[in-house]
Amino acid sequence: MTEEFISIGEIVNTQGCRGAVRVLPLTDFPERFRDMQMVYLARGEERWLLHIEQVTYHKQFAILKFREIPDMTTAEKLKGALLQVPRSELVPLPDGHYYIFDIVGLSVYTPEGEYLGVVRDVMRTGSNDVYVVRARNERPLLVPALKAVVRDIDLRGGRMTVALPEGLRE
């Protein structure tokens, strides 16, 4: 089985003339770049290992300098590429917390076993996330990610059990 890679950043531009790049973090843990020594650069199906020499932060961006990228001309070719890590290197989450990419794609059922659809997206709101569940041609069902509603998440089984509050579903 091949290792699964997870995107943690996207190179959006160069930074300076010495080959550094500006990275938009795609992670809830942007400080993780500071502790990393290497990262995979992915473009399409191709992936290369790069060694991180220096990390700084500016506004919402991480500025990374790679050993293999000597100048701005070389760095320009990296625009749009993704920075990835193997799943095994993800920051561990506390019990009961899940990565969004693990939630999207789960089949959703009621406690009685009624199929409601598949999680197609996760909306980040100020108070709690909302799972966008859609069955084939039906309009989306918005399920609040609350312990009172989401009764069980079985990542291995690919399913989520939800007890919908009165009025959420017609």
# chains A, B, ... in the order shown; residues from 1 in each chain; ligands from 1
>>> closest_atom_pairs(of="range 30-120 of chain A", to="range 139-147 of chain A", cutoff="10 Å", atoms="only C-alpha atoms", output="Markdown table")
| residue | atom | partner | partner_atom | distance |
| --- | --- | --- | --- | --- |
| A:Gly96 | CA | A:Lys147 | CA | 9.2 |
| A:Leu116 | CA | A:Leu141 | CA | 8.3 |
| A:Gly117 | CA | A:Leu141 | CA | 8.6 |
| A:Val118 | CA | A:Pro140 | CA | 9.7 |
| A:Val119 | CA | A:Leu141 | CA | 9.3 |
| A:Arg120 | CA | A:Pro140 | CA | 9.0 |
>>> select_by_dssp(residues="range 12-97 of chain A", states="strand (DSSP E or B)", output="number ranges by chain")
A: 12-15, 20-25, 38-43, 46-58, 61-66, 82-86
>>> write_last_selection(atoms="C-alpha atoms", output="PDB file, in the first residue's frame")
ATOM      1  CA  VAL A  12       1.789  31.184  -3.841  1.00  0.00           C
ATOM      2  CA  ASN A  13       4.811  33.315  -4.728  1.00  0.00           C
ATOM      3  CA  THR A  14       8.518  33.900  -4.364  1.00  0.00           C
ATOM      4  CA  GLN A  15       9.983  35.948  -1.505  1.00  0.00           C
ATOM      5  CA  ALA A  20      12.641  31.651  -0.666  1.00  0.00           C
ATOM      6  CA  VAL A  21       8.948  31.030  -1.305  1.00  0.00           C
ATOM      7  CA  ARG A  22       5.755  32.393   0.229  1.00  0.00           C
ATOM      8  CA  VAL A  23       3.521  29.583   1.469  1.00  0.00           C
ATOM      9  CA  LEU A  24      -0.169  29.810   2.282  1.00  0.00           C
ATOM     10  CA  PRO A  25      -0.626  27.301   5.139  1.00  0.00           C
ATOM     11  CA  MET A  38      11.973  18.417   5.140  1.00  0.00           C
ATOM     12  CA  VAL A  39       8.723  18.458   3.221  1.00  0.00           C
ATOM     13  CA  TYR A  40       7.458  16.984  -0.040  1.00  0.00           C
ATOM     14  CA  LEU A  41       6.735  19.267  -2.975  1.00  0.00           C
ATOM     15  CA  ALA A  42       3.854  17.957  -5.104  1.00  0.00           C
ATOM     16  CA  ARG A  43       2.793  19.023  -8.549  1.00  0.00           C
ATOM     17  CA  GLU A  46       5.046  14.088  -9.156  1.00  0.00           C
ATOM     18  CA  ARG A  47       6.550  14.562  -5.695  1.00  0.00           C
ATOM     19  CA  TRP A  48      10.040  15.685  -4.580  1.00  0.00           C
ATOM     20  CA  LEU A  49      11.618  15.843  -1.140  1.00  0.00           C
ATOM     21  CA  LEU A  50      12.948  19.291  -0.193  1.00  0.00           C
ATOM     22  CA  HIS A  51      15.067  20.240   2.829  1.00  0.00           C
ATOM     23  CA  ILE A  52      13.971  23.291   4.807  1.00  0.00           C
ATOM     24  CA  GLU A  53      16.826  25.658   5.700  1.00  0.00           C
ATOM     25  CA  GLN A  54      14.904  28.579   7.167  1.00  0.00           C
ATOM     26  CA  VAL A  55      11.338  29.472   8.198  1.00  0.00           C
ATOM     27  CA  THR A  56       9.904  32.881   9.013  1.00  0.00           C
ATOM     28  CA  TYR A  57       6.347  34.166   9.127  1.00  0.00           C
ATOM     29  CA  HIS A  58       4.838  37.291   7.588  1.00  0.00           C
ATOM     30  CA  PHE A  61       2.188  33.357   5.189  1.00  0.00           C
ATOM     31  CA  ALA A  62       5.081  31.076   6.073  1.00  0.00           C
ATOM     32  CA  ILE A  63       8.282  32.033   4.243  1.00  0.00           C
ATOM     33  CA  LEU A  64      10.379  28.948   3.516  1.00  0.00           C
ATOM     34  CA  LYS A  65      13.891  28.652   2.137  1.00  0.00           C
ATOM     35  CA  PHE A  66      14.808  25.231   0.714  1.00  0.00           C
ATOM     36  CA  LEU A  82       1.645  21.937  -2.794  1.00  0.00           C
ATOM     37  CA  LEU A  83       3.724  21.119   0.261  1.00  0.00           C
ATOM     38  CA  GLN A  84       2.813  17.713   1.644  1.00  0.00           C
ATOM     39  CA  VAL A  85       3.633  15.339   4.467  1.00  0.00           C
ATOM     40  CA  PRO A  86       2.894  11.637   4.851  1.00  0.00           C
TER      41      PRO A  86
END
>>> atom_distance(atom1="CA of Pro92 in chain A", atom2="CA of Phe29 in chain A")
10.7 Å
>>> closest_residue(among="A:Pro30, A:Ala148, A:Asp35, A:Glu3", to="Lys59 in chain A", atoms="only C-alpha atoms")
A:Pro30
>>> residues_around(residues="Asp102 in chain A", least_positions_apart="6", cutoff="12 Å", atoms="only C-alpha atoms", output="ChimeraX atom specification")
/A:6,87,119-122,153-160
>>> write_last_selection(atoms="N, CA and C atoms", output="compact mmCIF listing (two decimals), in the first residue's frame")
# COMPACT_ATOMS: atom_id res chain seq x y z
N ILE A 6 -0.72 14.32 2.68
CA ILE A 6 -1.68 15.35 3.02
C ILE A 6 -1.04 16.71 2.74
N ARG A 87 0.78 10.99 5.87
CA ARG A 87 -0.25 10.97 6.90
C ARG A 87 0.35 10.67 8.28
N VAL A 119 -21.04 13.13 3.59
CA VAL A 119 -20.49 14.45 3.92
C VAL A 119 -19.70 14.93 2.71
N ARG A 120 -20.16 16.05 2.13
CA ARG A 120 -19.53 16.59 0.93
C ARG A 120 -18.59 17.75 1.25
N ASP A 121 -18.83 18.42 2.39
CA ASP A 121 -18.03 19.59 2.74
C ASP A 121 -18.18 19.85 4.24
N VAL A 122 -17.27 20.65 4.76
CA VAL A 122 -17.35 21.08 6.15
C VAL A 122 -17.26 22.60 6.14
N ILE A 153 -18.49 8.65 15.11
CA ILE A 153 -17.71 8.76 13.88
C ILE A 153 -16.80 7.56 13.82
N ASP A 154 -16.98 6.75 12.76
CA ASP A 154 -16.20 5.54 12.56
C ASP A 154 -15.40 5.72 11.28
N LEU A 155 -14.17 6.21 11.41
CA LEU A 155 -13.35 6.48 10.23
C LEU A 155 -13.04 5.19 9.47
N ARG A 156 -12.72 4.13 10.19
CA ARG A 156 -12.39 2.86 9.52
C ARG A 156 -13.59 2.31 8.76
N GLY A 157 -14.77 2.45 9.35
CA GLY A 157 -15.98 1.97 8.71
C GLY A 157 -16.56 2.94 7.70
N GLY A 158 -16.03 4.16 7.67
CA GLY A 158 -16.47 5.16 6.71
C GLY A 158 -17.87 5.68 6.98
N ARG A 159 -18.27 5.73 8.27
CA ARG A 159 -19.63 6.19 8.56
C ARG A 159 -19.71 7.07 9.78
N MET A 160 -20.77 7.88 9.77
CA MET A 160 -21.08 8.78 10.87
C MET A 160 -22.54 8.55 11.24
>>> select_by_dssp(residues="range 17-64 of chain A", states="alpha helix (DSSP H)", output="mmCIF file with C-alpha atoms, in the first residue's frame")
data_model
loop_
_atom_site.group_PDB
_atom_site.id
_atom_site.type_symbol
_atom_site.label_atom_id
_atom_site.label_comp_id
_atom_site.auth_asym_id
_atom_site.auth_seq_id
_atom_site.Cartn_x
_atom_site.Cartn_y
_atom_site.Cartn_z
ATOM 1 C CA ARG A 32 4.607 23.181 12.348
ATOM 2 C CA PHE A 33 6.868 24.442 9.527
ATOM 3 C CA ARG A 34 9.312 25.741 12.150
ATOM 4 C CA ASP A 35 9.834 22.194 13.508
#
